[in-house]
Each structure stands twice: as C-alpha cells, then as structure tokens.
>>> print(open('upload_3.cif').read())   # mmCIF, C-alpha atoms and all ligand atoms
data_coords
#
loop_
_atom_site.label_atom_id
_atom_site.label_comp_id
_atom_site.auth_asym_id
_atom_site.auth_seq_id
_atom_site.Cartn_x
_atom_site.Cartn_y
_atom_site.Cartn_z
CA MET A 1 97.53 105.92 72.93
CA ARG A 2 97.97 102.66 71.06
CA ASN A 3 94.80 100.66 70.34
CA PHE A 4 94.43 97.53 72.41
CA GLU A 5 91.94 94.71 72.75
CA PHE A 6 90.12 94.19 76.07
CA VAL A 7 89.43 90.54 76.85
CA ASN A 8 87.53 89.08 79.80
CA ALA A 9 89.25 86.18 81.57
CA PRO A 10 86.57 84.25 83.50
CA THR A 11 89.13 81.75 84.89
CA THR A 12 92.78 81.89 85.92
CA GLU A 13 93.60 79.33 83.20
CA ARG A 14 92.10 81.62 80.55
CA ALA A 15 94.01 84.62 81.93
CA ILE A 16 97.27 82.65 81.72
CA GLU A 17 96.50 81.73 78.07
CA LEU A 18 95.76 85.35 77.19
CA LEU A 19 98.78 86.88 78.97
CA GLY A 20 102.25 87.34 77.51
CA PRO A 21 104.89 90.03 76.91
CA GLN A 22 102.45 92.25 74.92
CA ALA A 23 99.51 91.83 77.30
CA LYS A 24 98.72 93.27 80.75
CA LEU A 25 96.44 92.07 83.47
CA ILE A 26 93.92 94.60 84.75
CA ALA A 27 92.07 94.29 88.07
CA GLY A 28 90.69 97.53 89.61
CA GLY A 29 92.71 99.55 87.08
CA THR A 30 93.60 102.33 89.55
CA ASP A 31 97.31 101.98 88.78
CA LEU A 32 97.31 100.21 85.43
CA LEU A 33 95.13 102.83 83.69
CA ASP A 34 97.46 105.58 84.98
CA GLU A 35 100.42 103.73 83.49
CA LEU A 36 98.55 103.46 80.20
CA LYS A 37 97.49 107.12 80.14
CA GLU A 38 100.94 108.30 81.19
CA GLY A 39 102.46 106.42 78.22
CA LEU A 40 104.54 104.12 80.42
CA ILE A 41 103.07 100.98 78.89
CA ALA A 42 101.48 100.29 75.52
CA PRO A 43 100.07 96.75 75.60
CA GLU A 44 98.29 95.11 72.67
CA ARG A 45 95.83 93.43 75.04
CA LEU A 46 94.30 94.05 78.45
CA VAL A 47 93.21 90.89 80.22
CA ASN A 48 90.32 91.68 82.56
CA LEU A 49 90.70 89.65 85.74
CA LYS A 50 87.50 91.08 87.23
CA ALA A 51 85.54 88.71 84.99
CA ASN A 52 86.77 85.92 87.29
CA ARG A 53 84.31 86.01 90.21
CA ALA A 54 86.01 82.98 91.79
CA LEU A 55 88.89 85.25 92.86
CA LYS A 56 86.65 87.55 94.89
CA TYR A 57 86.29 86.16 98.40
CA LEU A 58 87.22 86.82 102.00
CA ARG A 59 86.95 83.83 104.36
CA PHE A 60 87.96 83.38 107.96
CA SER A 61 87.94 80.38 110.24
CA PRO A 62 89.91 80.06 113.50
CA SER A 63 91.56 76.83 112.27
CA GLU A 64 92.50 78.06 108.77
CA GLY A 65 92.95 81.78 109.35
CA LEU A 66 92.11 84.39 106.72
CA ARG A 67 92.00 83.71 102.98
CA LEU A 68 91.71 86.59 100.57
CA GLY A 69 91.02 86.17 96.89
CA ALA A 70 93.16 88.51 94.77
CA LEU A 71 90.05 90.45 93.69
CA THR A 72 88.97 91.33 97.25
CA THR A 73 88.76 95.11 97.28
CA LEU A 74 90.54 97.26 99.84
CA SER A 75 87.13 98.56 101.02
CA GLU A 76 85.96 95.00 101.68
CA LEU A 77 89.10 94.37 103.76
CA GLU A 78 88.73 97.61 105.66
CA THR A 79 85.10 97.04 106.63
CA ASP A 80 85.00 93.29 107.22
CA ARG A 81 84.10 92.44 110.84
CA THR A 82 86.37 89.40 111.12
CA VAL A 83 89.34 91.36 109.76
CA ARG A 84 88.69 94.15 112.26
CA GLU A 85 88.40 91.65 115.09
CA HIS A 86 91.31 89.28 114.33
CA TYR A 87 93.67 91.48 112.24
CA PRO A 88 92.90 95.04 113.39
CA MET A 89 96.30 96.34 112.25
CA LEU A 90 95.51 95.19 108.70
CA ALA A 91 92.23 97.11 108.69
CA ALA A 92 94.10 100.13 110.09
CA ALA A 93 96.72 99.96 107.33
CA VAL A 94 94.05 99.75 104.62
CA ARG A 95 92.15 102.69 106.11
CA VAL A 96 95.09 105.03 105.33
CA ILE A 97 95.47 103.95 101.69
CA ALA A 98 94.52 106.52 99.05
CA SER A 99 90.84 107.60 99.21
CA PRO A 100 87.52 105.76 99.76
CA GLN A 101 86.80 105.94 96.01
CA ILE A 102 90.14 104.31 95.15
CA ARG A 103 89.73 101.69 97.90
CA ASN A 104 86.34 100.77 96.39
CA MET A 105 88.04 99.89 93.10
CA ALA A 106 91.53 98.75 94.17
CA THR A 107 92.12 95.05 94.77
CA VAL A 108 94.45 93.17 97.08
CA GLY A 109 96.34 91.60 94.14
CA GLY A 110 96.66 94.96 92.38
CA ASN A 111 97.90 96.71 95.50
CA LEU A 112 100.71 94.17 95.94
CA CYS A 113 101.64 94.32 92.23
CA GLN A 114 101.34 98.11 91.72
CA ARG A 115 104.31 99.78 90.04
CA PRO A 116 106.69 102.29 91.69
CA ARG A 117 105.82 105.93 92.30
CA CYS A 118 109.33 107.32 91.65
CA TRP A 119 108.64 110.55 89.74
CA TYR A 120 111.39 109.80 87.22
CA TYR A 121 109.86 106.39 86.54
CA ARG A 122 106.42 108.02 86.09
CA ASN A 123 107.79 110.49 83.51
CA ASP A 124 107.44 108.90 80.08
CA ALA A 125 110.19 111.12 78.69
CA LEU A 126 112.82 109.60 81.00
CA HIS A 127 114.32 106.20 80.25
CA CYS A 128 115.86 105.33 83.62
CA THR A 129 117.52 102.10 84.72
CA ARG A 130 114.22 100.51 85.78
CA LYS A 131 112.95 100.98 82.21
CA GLY A 132 116.13 99.47 80.75
CA GLY A 133 117.91 102.82 80.36
CA PRO A 134 121.45 103.82 81.34
CA ILE A 135 121.05 105.85 84.57
CA CYS A 136 119.07 106.33 87.74
CA TYR A 137 117.99 109.99 87.76
CA ALA A 138 117.27 109.86 91.49
CA VAL A 139 120.95 109.45 92.42
CA SER A 140 121.86 113.04 91.59
CA GLY A 141 118.29 114.34 91.50
CA GLU A 142 115.30 114.82 93.81
CA ASN A 143 115.53 111.80 96.07
CA GLN A 144 113.84 112.89 99.30
CA TYR A 145 111.26 110.07 99.06
CA HIS A 146 113.65 107.38 97.86
CA ALA A 147 115.26 104.35 99.50
CA ILE A 148 117.55 104.40 102.49
CA LEU A 149 117.92 100.61 102.55
CA GLY A 150 118.34 97.95 99.88
CA GLY A 151 118.90 100.27 96.89
CA HIS A 152 121.20 99.11 94.11
CA LEU A 153 121.29 100.96 90.76
CA CYS A 154 117.62 101.83 91.43
CA PHE A 155 116.34 103.46 94.63
CA ILE A 156 112.55 103.23 94.49
CA VAL A 157 110.58 102.55 97.64
CA HIS A 158 107.84 99.94 97.49
CA PRO A 159 104.57 101.93 97.55
CA SER A 160 102.20 99.38 99.12
CA ASP A 161 100.78 99.93 102.61
CA LEU A 162 99.11 96.54 102.46
CA ALA A 163 102.33 94.56 101.99
CA PRO A 164 104.10 95.46 105.29
CA ALA A 165 100.87 94.84 107.23
CA LEU A 166 100.31 91.45 105.61
CA MET A 167 103.95 90.43 106.06
CA ALA A 168 103.86 91.32 109.76
CA TYR A 169 100.93 88.88 110.09
CA ASP A 170 103.03 86.16 108.33
CA ALA A 171 101.00 86.19 105.10
CA ARG A 172 101.61 83.79 102.25
CA ILE A 173 100.87 84.43 98.58
CA SER A 174 99.68 81.97 95.93
CA TYR A 175 100.06 82.62 92.24
CA ALA A 176 99.58 80.54 89.13
CA GLY A 177 101.21 80.31 85.71
CA PRO A 178 101.75 77.80 82.90
CA GLY A 179 103.96 75.74 85.26
CA GLY A 180 101.28 75.40 87.95
CA ARG A 181 100.56 77.06 91.30
CA LYS A 182 103.16 78.31 93.80
CA THR A 183 102.68 79.38 97.40
CA LEU A 184 105.37 81.17 99.38
CA PRO A 185 105.81 83.64 102.24
CA LEU A 186 104.80 87.08 100.96
CA GLY A 187 108.22 88.54 101.83
CA GLU A 188 109.87 86.14 99.36
CA PHE A 189 107.57 87.31 96.56
CA PHE A 190 109.12 90.80 96.43
CA VAL A 191 112.52 91.24 94.80
CA GLY A 192 114.93 94.15 94.98
CA PRO A 193 116.86 95.67 92.07
CA ALA A 194 119.90 93.46 92.70
CA VAL A 195 117.72 90.49 91.66
CA ASN A 196 115.61 92.16 88.95
CA ILE A 197 115.88 95.86 88.25
CA THR A 198 112.82 96.00 85.98
CA ARG A 199 110.29 94.23 88.24
CA GLU A 200 109.35 94.43 91.93
CA ASN A 201 108.30 90.80 92.39
CA LEU A 202 108.79 87.27 91.08
CA LEU A 203 105.78 87.27 88.72
CA GLN A 204 106.39 86.42 85.08
CA PRO A 205 104.21 88.25 82.47
CA ASN A 206 101.87 85.23 82.28
CA GLU A 207 101.40 84.62 86.00
CA VAL A 208 98.41 85.63 88.14
CA VAL A 209 98.16 86.25 91.88
CA GLU A 210 95.24 84.22 93.18
CA GLU A 211 95.24 84.30 96.96
CA ILE A 212 96.76 85.72 100.14
CA SER A 213 96.44 83.66 103.31
CA LEU A 214 97.18 84.60 106.91
CA PRO A 215 97.36 82.34 109.97
CA THR A 216 95.10 83.09 112.92
CA PRO A 217 97.10 85.28 115.33
CA ALA A 218 98.04 83.64 118.64
CA ALA A 219 96.38 84.81 121.86
CA GLY A 220 97.96 88.02 123.14
CA THR A 221 98.84 89.32 119.63
CA ARG A 222 98.67 93.06 119.18
CA GLY A 223 99.36 94.99 116.01
CA VAL A 224 100.01 98.64 115.20
CA TYR A 225 100.40 100.36 111.81
CA LEU A 226 101.90 103.84 111.72
CA LYS A 227 102.26 105.87 108.55
CA VAL A 228 103.93 109.22 107.94
CA ARG A 229 102.83 111.10 104.83
CA ASP A 230 103.13 114.68 103.62
CA ARG A 231 99.37 115.19 103.54
CA ASN A 232 97.11 113.59 106.08
CA THR A 233 94.86 112.10 103.44
CA TRP A 234 95.08 110.50 100.02
CA ASP A 235 98.84 110.16 99.99
CA PHE A 236 101.49 107.47 99.73
CA ALA A 237 103.71 106.79 102.74
CA THR A 238 106.87 108.77 103.31
CA LEU A 239 107.50 106.04 105.86
CA SER A 240 105.44 103.34 107.49
CA VAL A 241 105.85 100.56 110.02
CA ALA A 242 103.79 97.47 110.75
CA ALA A 243 104.45 95.96 114.18
CA VAL A 244 102.94 92.71 115.43
CA LEU A 245 103.87 91.65 118.97
CA GLU A 246 102.71 88.47 120.67
CA MET A 247 102.61 89.57 124.31
CA ASP A 248 102.57 87.61 127.55
CA GLY A 249 101.94 90.32 130.12
CA ALA A 250 104.75 92.84 129.62
CA THR A 251 107.00 90.29 127.88
CA CYS A 252 107.12 89.85 124.13
CA ARG A 253 106.99 86.20 123.06
CA ARG A 254 107.39 86.91 119.35
CA ALA A 255 107.73 90.03 117.17
CA ARG A 256 107.43 90.92 113.50
CA ILE A 257 108.44 94.43 112.44
CA VAL A 258 108.15 95.38 108.75
CA LEU A 259 108.91 98.83 107.35
CA GLY A 260 107.32 100.43 104.31
CA ALA A 261 108.71 103.14 102.00
CA VAL A 262 112.32 102.65 103.09
CA ALA A 263 113.47 100.19 100.42
CA PRO A 264 112.57 98.81 96.98
CA VAL A 265 110.78 95.97 98.79
CA PRO A 266 108.66 95.98 101.97
CA TRP A 267 111.48 95.71 104.50
CA PRO A 268 111.37 93.13 107.30
CA ALA A 269 113.55 93.88 110.32
CA PRO A 270 114.61 90.49 111.77
CA ASP A 271 117.32 92.11 113.94
CA ALA A 272 114.63 94.21 115.63
CA ASP A 273 112.46 91.10 116.06
CA LYS A 274 115.39 89.42 117.86
CA VAL A 275 115.84 92.35 120.26
CA LEU A 276 112.14 92.19 121.16
CA THR A 277 111.64 88.42 121.40
CA GLY A 278 111.75 87.30 125.03
CA ALA A 279 112.24 90.87 126.28
CA ARG A 280 110.15 92.90 128.70
CA ILE A 281 109.14 95.86 126.54
CA THR A 282 110.46 99.17 127.87
CA PRO A 283 111.27 102.44 126.10
CA GLU A 284 114.96 101.40 126.14
CA VAL A 285 114.25 98.00 124.53
CA ALA A 286 112.06 99.70 121.89
CA ARG A 287 114.89 102.17 121.16
CA ARG A 288 117.39 99.31 120.73
CA ALA A 289 114.99 97.48 118.42
CA ALA A 290 114.50 100.64 116.36
CA ASP A 291 118.28 101.09 116.02
CA ALA A 292 118.54 97.46 114.91
CA ALA A 293 115.76 97.93 112.33
CA LEU A 294 117.64 100.77 110.65
CA ARG A 295 121.10 99.20 110.87
CA GLY A 296 122.85 99.51 107.52
CA ALA A 297 120.71 102.46 106.35
CA ARG A 298 122.48 104.51 103.66
CA PRO A 299 120.58 107.73 102.96
CA MET A 300 120.86 109.53 99.63
CA SER A 301 121.69 113.23 99.19
CA HIS A 302 118.22 114.57 100.22
CA ASN A 303 116.71 111.94 102.51
CA ALA A 304 118.92 111.63 105.60
CA HIS A 305 115.87 112.77 107.61
CA LYS A 306 114.22 109.41 106.90
CA VAL A 307 116.63 107.57 109.22
CA PRO A 308 115.69 109.27 112.53
CA LEU A 309 112.07 109.49 111.37
CA ALA A 310 111.96 105.74 110.76
CA LYS A 311 113.66 104.97 114.08
CA ASN A 312 111.10 107.07 115.92
CA LEU A 313 108.23 105.45 114.07
CA VAL A 314 109.47 101.92 114.86
CA ARG A 315 109.99 102.84 118.52
CA ARG A 316 106.51 104.37 118.79
CA ALA A 317 104.86 101.41 117.06
CA ILE A 318 106.51 98.92 119.44
CA LEU A 319 105.55 100.87 122.56
CA LYS A 320 101.99 101.35 121.33
CA ALA A 321 101.61 97.65 120.49
CA ALA A 322 102.98 96.68 123.92
CA GLY A 323 100.80 99.26 125.70
CA VAL A 324 103.84 100.99 127.24
CA SER A 325 103.94 104.77 127.54
CA PRO A 326 106.98 106.39 125.85
C1 LIG A 401 95.90 108.91 94.11
C2 LIG A 401 96.37 107.56 94.57
C3 LIG A 401 96.81 107.41 95.88
C4 LIG A 401 97.25 106.15 96.31
N1 LIG A 401 97.68 106.01 97.60
C5 LIG A 401 98.10 104.79 98.03
C6 LIG A 401 98.54 104.59 99.36
O1 LIG A 401 98.53 105.52 100.19
N2 LIG A 401 98.95 103.36 99.74
C7 LIG A 401 98.96 102.28 98.86
O2 LIG A 401 99.30 101.17 99.26
N3 LIG A 401 98.56 102.46 97.58
C8 LIG A 401 98.13 103.65 97.17
N4 LIG A 401 97.71 103.82 95.89
C9 LIG A 401 97.83 102.71 94.96
C10 LIG A 401 96.56 101.90 94.91
O3 LIG A 401 96.36 101.28 96.16
C11 LIG A 401 96.76 100.88 93.81
O4 LIG A 401 96.66 101.58 92.59
C12 LIG A 401 95.75 99.78 93.85
O5 LIG A 401 95.80 99.06 95.05
C13 LIG A 401 95.99 98.81 92.69
O6 LIG A 401 94.94 97.86 92.67
P1 LIG A 401 94.10 97.65 91.33
O7 LIG A 401 93.23 96.47 91.58
O8 LIG A 401 93.45 98.90 90.91
O9 LIG A 401 95.28 97.23 90.35
P2 LIG A 401 95.45 97.52 88.79
O10 LIG A 401 95.66 98.96 88.56
O11 LIG A 401 94.39 96.83 88.02
O12 LIG A 401 96.82 96.73 88.58
C14 LIG A 401 98.02 97.19 89.17
C15 LIG A 401 99.17 96.28 88.71
O13 LIG A 401 99.01 94.99 89.28
C16 LIG A 401 98.87 93.98 88.29
N5 LIG A 401 97.87 93.05 88.83
C17 LIG A 401 96.64 93.36 89.31
N6 LIG A 401 96.06 92.26 89.83
C18 LIG A 401 96.93 91.25 89.65
C19 LIG A 401 96.90 89.86 89.96
N7 LIG A 401 95.87 89.29 90.59
N8 LIG A 401 97.97 89.09 89.62
C20 LIG A 401 99.04 89.65 89.00
N9 LIG A 401 99.14 90.95 88.70
C21 LIG A 401 98.09 91.74 89.01
C22 LIG A 401 98.43 94.72 87.03
O14 LIG A 401 98.83 94.03 85.86
C23 LIG A 401 99.18 96.04 87.21
O15 LIG A 401 100.52 95.93 86.80
C24 LIG A 401 97.24 105.05 95.42
C25 LIG A 401 96.78 105.21 94.11
C26 LIG A 401 96.35 106.44 93.68
C27 LIG A 401 95.87 106.58 92.26
S1 LIG A 402 114.95 105.18 91.47
FE1 LIG A 402 114.60 103.55 89.98
S2 LIG A 402 112.70 104.16 89.00
FE2 LIG A 402 113.54 105.99 89.98
S3 LIG A 402 114.88 107.00 88.46
FE3 LIG A 402 116.15 105.61 89.62
S4 LIG A 402 116.14 103.73 88.38
FE4 LIG A 402 114.38 104.93 87.74
#
>>> encode(input="upload_3.cif", output="structure tokens", more="lines below")
Ligand SMILES: Cc1cc2nc3c(=O)[nH]c(=O)nc-3n(C[C@H](O)[C@H](O)[C@H](O)COP(=O)(O)OP(=O)(O)OC[C@H]3O[C@@H](n4cnc5c(N)ncnc54)[C@H](O)[C@@H]3O)c2cc1C
Ligand code: SF4
Amino acid sequence: MRNFEFVNAPTTERAIELLGPQAKLIAGGTDLLDELKEGLIAPERLVNLKANRALKYLRFSPSEGLRLGALTTLSELETDRTVREHYPMLAAAVRVIASPQIRNMATVGGNLCQRPRCWYYRNDALHCTRKGGPICYAVSGENQYHAILGGHLCFIVHPSDLAPALMAYDARISYAGPGGRKTLPLGEFFVGPAVNITRENLLQPNEVVEEISLPTPAAGTRGVYLKVRDRNTWDFATLSVAAVLEMDGATCRRARIVLGAVAPVPWPAPDADKVLTGARITPEVARRAADAALRGARPMSHNAHKVPLAKNLVRRAILKAAGVSP
C-alpha cells in the first residue's frame, strides 16, 4: 500500500482546500478503507471529515421536516424516535443495511457516495470500463446481480439501500465545493454511465456532501421498504423497493416508487406513480403499476429472473403500503 498522509478537516472549507485528484475524503471508512486495502485506490492524502462535528446532526420540526448532517450514522437514523415516527420506512430501510457494527460506523454521506460492488470492479487486477479500461467484464461474464435497467457500457447496480428510501420521501441533497453550495433533489445527484462512466454522482473530487433534507410527510402517508437478498443478514440487495403512498381512505393521492439494485442509479418509477395517483388501490392496480415500473427492462445473460422478482416486489410493496391484502 502506498504511504498517505491523514489530515483532519474541522470545517467543510478546510476539507475543500485539502481535497483534489490525489486526495480522498474519509467518513466512517467502511467502504473507503476496503477500496484502499483492495488496491482500487492509492491516494496521497486522506481527508478526515469526522473531525467536522458541525456535520453530525439530526433535527426534525413539523414545519421544516428532517435535516440530516452528512456525518449522521446509520445507527443514529435507525434508532431516532422522530425518524421512526415520521419516516418509518426510512428506519426500516436502514435496519436491513449491513450489520449493527457497520451501521455504527457508516455515515449517511458515505452510504450515498459508496462505490459499486460489481465483483469485476472490486478486483484490482481487472481494468474494466468504469476504471477507464476497454471492456465491461460483466457483459459476457457473471452478471446475475447486475443492471436490468439504465445500463450503458457499464452495468453496475447502485448499492445503497438508503438512497431509494430517501428519494421516495422526496429528499434533497446539499453539497459544497470551491464554487459554493448546491442543493438539488437527491435523484438528480446520481448519474448513470451514459453521463459519467467513472462516477456514480455529480460530485467533483473537491466537493463535500453536507446535508440531506426531507419534507414532513403529508397526513395519510404510508411507506414500505422491501429488500431481497441472498442471505437474510449482512448482505447487499439483490433487489429492493421503496414505496411511499399518500392515502385518502382506499384512494392514493400521490405515490413515489423507487427501486434499488436494478440500475446504475437508484431508479425512480414515475410511470408506476402515475398509475397509482388518483386510483383506488387494488391488486390489479398494483400489478399494472409494477408492470409500468419495469417497462423497458433489458436483462443480461444471467439475470432475467430479476424482472419478475422486481415486479412482484413492487406489487407487494404497494399493497402493503395501502393496507390491501394480495
Ligand atoms: C459487509 C458490508 C455489507 C454492506 N451492506 C450494505 C447494505 O446492505 N446496504 C447498503 O446500503 N450498504 C451496505 N454496505 C455499505 C455501507 O453502508 C457503506 O460502506 C457505508 O454506508 C459508507 O459510509 P462511510 O461513512 O463508512 O463511508 P466511507 O467509507 O468513509 O466513504 C465512502 C465513499 O464516500 C465518500 N464520502 C464519504 N462521505 C462523504 C461526504 N460527506 N461527501 C462526499 N463524499 C463522501 C468517500 O470519499 C468514499 O468514496 C455494506 C458494507 C459492508 C462492508
Ligand atoms: S459492470 Fe461496470 S464496474 Fe462492472 S465490470 Fe462492467 S464496467 Fe466494470
């Protein structure tokens, strides 16, 4: 391993000064240290964001909603009473991430910025397209966990469980760099390989995620997070779905369905939202919404099973959120 310097950044401004192409930001380190040990990165400098206590907060008020500093840990999110009360689906999504030990260390900012789990990407001997190389090994290789939507020269799936849950609650992200602070809907932060094949989001090497904010859910909002994984603990999603329905009796006033582990970005399903909005939720409506969510899916050689699996998961999540038996 190459020697590197480890520098504390007590403010965002200092982190921005210290960052650059040869430096990496470290928060909980649960992904970054793996990348370092696996030989995937060899920075000259690690910039320690945890020295910045101002980024560690979780605040809720009914008028402003929820504000999460980037250094909030996943355990803090999972156990917070206001999160459980007002955003129960978010707490449920966090509860199925990794293990309690990892959730104690892992931060919200780090979870959203974690790198892909594609096994070819994680192999330091392979120089695939995402690392600037000539080919995607997944195309003719072992691609059972890869993308069925939105792939283009690279077919990773976005590994975060937090991202679909936050997006379904209409989260916004704020990040800062030399040009100032930007705030945008979280869904716009993630970029697929057609936009940038080497990165999964808009961040430049000298930009820092500072905050995630969520509006207070309207009365009648119900959320469900379902995750399929090979092992029932300590495993990334094979598929996941976050469903938030604003219900008025049996009728859905507004819907937000976001899928995880189907595409290189957390995948919103606006066509499914349209089917649900204004509809009385029945098993037939849920089935139509699930078909709409997976419209355009193009499985690879070993993952055709993900299409019916995802449809079933979306259908089940909608019915569960609406309180309708299948
Ligand atoms: C065994 C195992 C199982 C896992 N299972 C799951 C799972 O089921 N679901 C899931 O969602 N995740 C899972 N993870 C991933 C885990 O949740 C992430 O590693 C963790 O959330 C990253 O947070 P961190 O604070 O440790 O980030 P770090 O490791 O410190 O950083 C990760 C990346 O984000 C960047 N970064 C960190 N903070 C910021 C910031 N504020 N601004 C800009 N960039 C930043 C770093 O530079 C780095 O590139 C698993 C990890 C392991 C090791
Ligand atoms: S899916 Fe992406 S990360 Fe995986 S081998 Fe192909 S190009 Fe590399």
>>> closest_atom_pairs(input="upload_3.cif", of="chain A", to="ligand LIG 401 (chain A)", cutoff="8 Å", atoms="all atoms listed in the file", output="Markdown table")
| residue | atom | partner | partner_atom | distance |
| --- | --- | --- | --- | --- |
| A:Lys24 | CA | A:LIG401 | O14 | 5.2 |
| A:Leu25 | CA | A:LIG401 | O14 | 3.9 |
| A:Ile26 | CA | A:LIG401 | O11 | 4.0 |
| A:Ala27 | CA | A:LIG401 | O11 | 3.4 |
| A:Gly28 | CA | A:LIG401 | O8 | 3.3 |
| A:Gly29 | CA | A:LIG401 | O11 | 3.3 |
| A:Thr30 | CA | A:LIG401 | O8 | 3.7 |
| A:Asp31 | CA | A:LIG401 | O10 | 3.4 |
| A:Leu32 | CA | A:LIG401 | O10 | 3.8 |
| A:Leu33 | CA | A:LIG401 | O10 | 6.2 |
| A:Asp34 | CA | A:LIG401 | C27 | 7.5 |
| A:Leu49 | CA | A:LIG401 | N7 | 7.1 |
| A:Ala70 | CA | A:LIG401 | N7 | 5.0 |
| A:Leu71 | CA | A:LIG401 | N7 | 6.7 |
| A:Thr73 | CA | A:LIG401 | O7 | 7.4 |
| A:Leu74 | CA | A:LIG401 | O5 | 7.3 |
| A:Val94 | CA | A:LIG401 | O2 | 7.6 |
| A:Val96 | CA | A:LIG401 | O1 | 6.2 |
| A:Ile97 | CA | A:LIG401 | O1 | 3.8 |
| A:Ala98 | CA | A:LIG401 | N1 | 3.5 |
| A:Ser99 | CA | A:LIG401 | C3 | 6.8 |
| A:Ile102 | CA | A:LIG401 | C26 | 6.7 |
| A:Arg103 | CA | A:LIG401 | O3 | 6.9 |
| A:Met105 | CA | A:LIG401 | O8 | 5.9 |
| A:Ala106 | CA | A:LIG401 | O8 | 3.8 |
| A:Thr107 | CA | A:LIG401 | O7 | 3.7 |
| A:Val108 | CA | A:LIG401 | O5 | 6.4 |
| A:Gly109 | CA | A:LIG401 | N7 | 4.3 |
| A:Gly110 | CA | A:LIG401 | O9 | 3.3 |
| A:Asn111 | CA | A:LIG401 | O5 | 3.2 |
| A:Leu112 | CA | A:LIG401 | O13 | 6.9 |
| A:Cys113 | CA | A:LIG401 | O13 | 4.0 |
| A:Gln114 | CA | A:LIG401 | C15 | 4.1 |
| A:Arg115 | CA | A:LIG401 | O15 | 6.3 |
| A:Pro159 | CA | A:LIG401 | O2 | 5.6 |
| A:Ser160 | CA | A:LIG401 | O2 | 3.4 |
| A:Asp161 | CA | A:LIG401 | O2 | 3.9 |
| A:Leu162 | CA | A:LIG401 | O2 | 5.6 |
| A:Ala163 | CA | A:LIG401 | O2 | 7.8 |
| A:Tyr175 | CA | A:LIG401 | N8 | 7.3 |
| A:Leu203 | CA | A:LIG401 | C20 | 7.2 |
| A:Glu207 | CA | A:LIG401 | C20 | 6.3 |
| A:Val208 | CA | A:LIG401 | N8 | 3.8 |
| A:Val209 | CA | A:LIG401 | N8 | 3.6 |
| A:Glu210 | CA | A:LIG401 | N7 | 5.7 |
| A:Trp234 | CA | A:LIG401 | C3 | 5.4 |
| A:Asp235 | CA | A:LIG401 | O1 | 4.7 |
| A:Phe236 | CA | A:LIG401 | O1 | 3.6 |
| A:Ala237 | CA | A:LIG401 | O1 | 5.9 |
>>> residues_near_ligand(input="upload_3.cif", ligand="ligand LIG 402 (chain A)", cutoff="10 Å", atoms="all atoms listed in the file", output="JSON, numbers by chain")
{"A": [115, 116, 117, 118, 119, 120, 121, 122, 123, 126, 127, 128, 129, 130, 131, 132, 133, 134, 135, 136, 137, 138, 139, 140, 141, 142, 143, 145, 146, 147, 151, 152, 153, 154, 155, 156, 157, 193, 197, 198, 264]}
>>> residues_around(input="upload_3.cif", residues="Leu226 (chain A)", least_positions_apart="6", cutoff="8 Å", atoms="only C-alpha atoms", output="list in words")
Ala93, Ser240, Val241, Ala242, Leu313 and Ala317 of chain A
>>> closest_atom_pairs(input="upload_3.cif", of="region 109-224 of chain A", to="region 249-257 of chain A", cutoff="10 Å", atoms="only C-alpha atoms", output="JSON lines")
{"residue": "A:Pro164", "atom": "CA", "partner": "A:Ile257", "partner_atom": "CA", "distance": 8.4}
{"residue": "A:Ala165", "atom": "CA", "partner": "A:Ile257", "partner_atom": "CA", "distance": 9.2}
{"residue": "A:Met167", "atom": "CA", "partner": "A:Arg256", "partner_atom": "CA", "distance": 8.2}
{"residue": "A:Ala168", "atom": "CA", "partner": "A:Arg256", "partner_atom": "CA", "distance": 5.2}
{"residue": "A:Tyr169", "atom": "CA", "partner": "A:Arg256", "partner_atom": "CA", "distance": 7.6}
{"residue": "A:Asp170", "atom": "CA", "partner": "A:Arg256", "partner_atom": "CA", "distance": 8.3}
{"residue": "A:Ala218", "atom": "CA", "partner": "A:Arg254", "partner_atom": "CA", "distance": 9.9}
{"residue": "A:Gly220", "atom": "CA", "partner": "A:Gly249", "partner_atom": "CA", "distance": 8.4}
{"residue": "A:Thr221", "atom": "CA", "partner": "A:Arg254", "partner_atom": "CA", "distance": 8.9}
{"residue": "A:Arg222", "atom": "CA", "partner": "A:Ala255", "partner_atom": "CA", "distance": 9.8}
{"residue": "A:Gly223", "atom": "CA", "partner": "A:Arg256", "partner_atom": "CA", "distance": 9.4}
{"residue": "A:Val224", "atom": "CA", "partner": "A:Ile257", "partner_atom": "CA", "distance": 9.8}
>>> atom_distance(input="upload_3.cif", atom1="CA of Asn8 (chain A)", atom2="CA of Lys182 (chain A)")
23.6 Å
>>> atom_distance(input="upload_3.cif", atom1="CA of Arg95 (chain A)", atom2="CA of Lys37 (chain A)")
26.9 Å
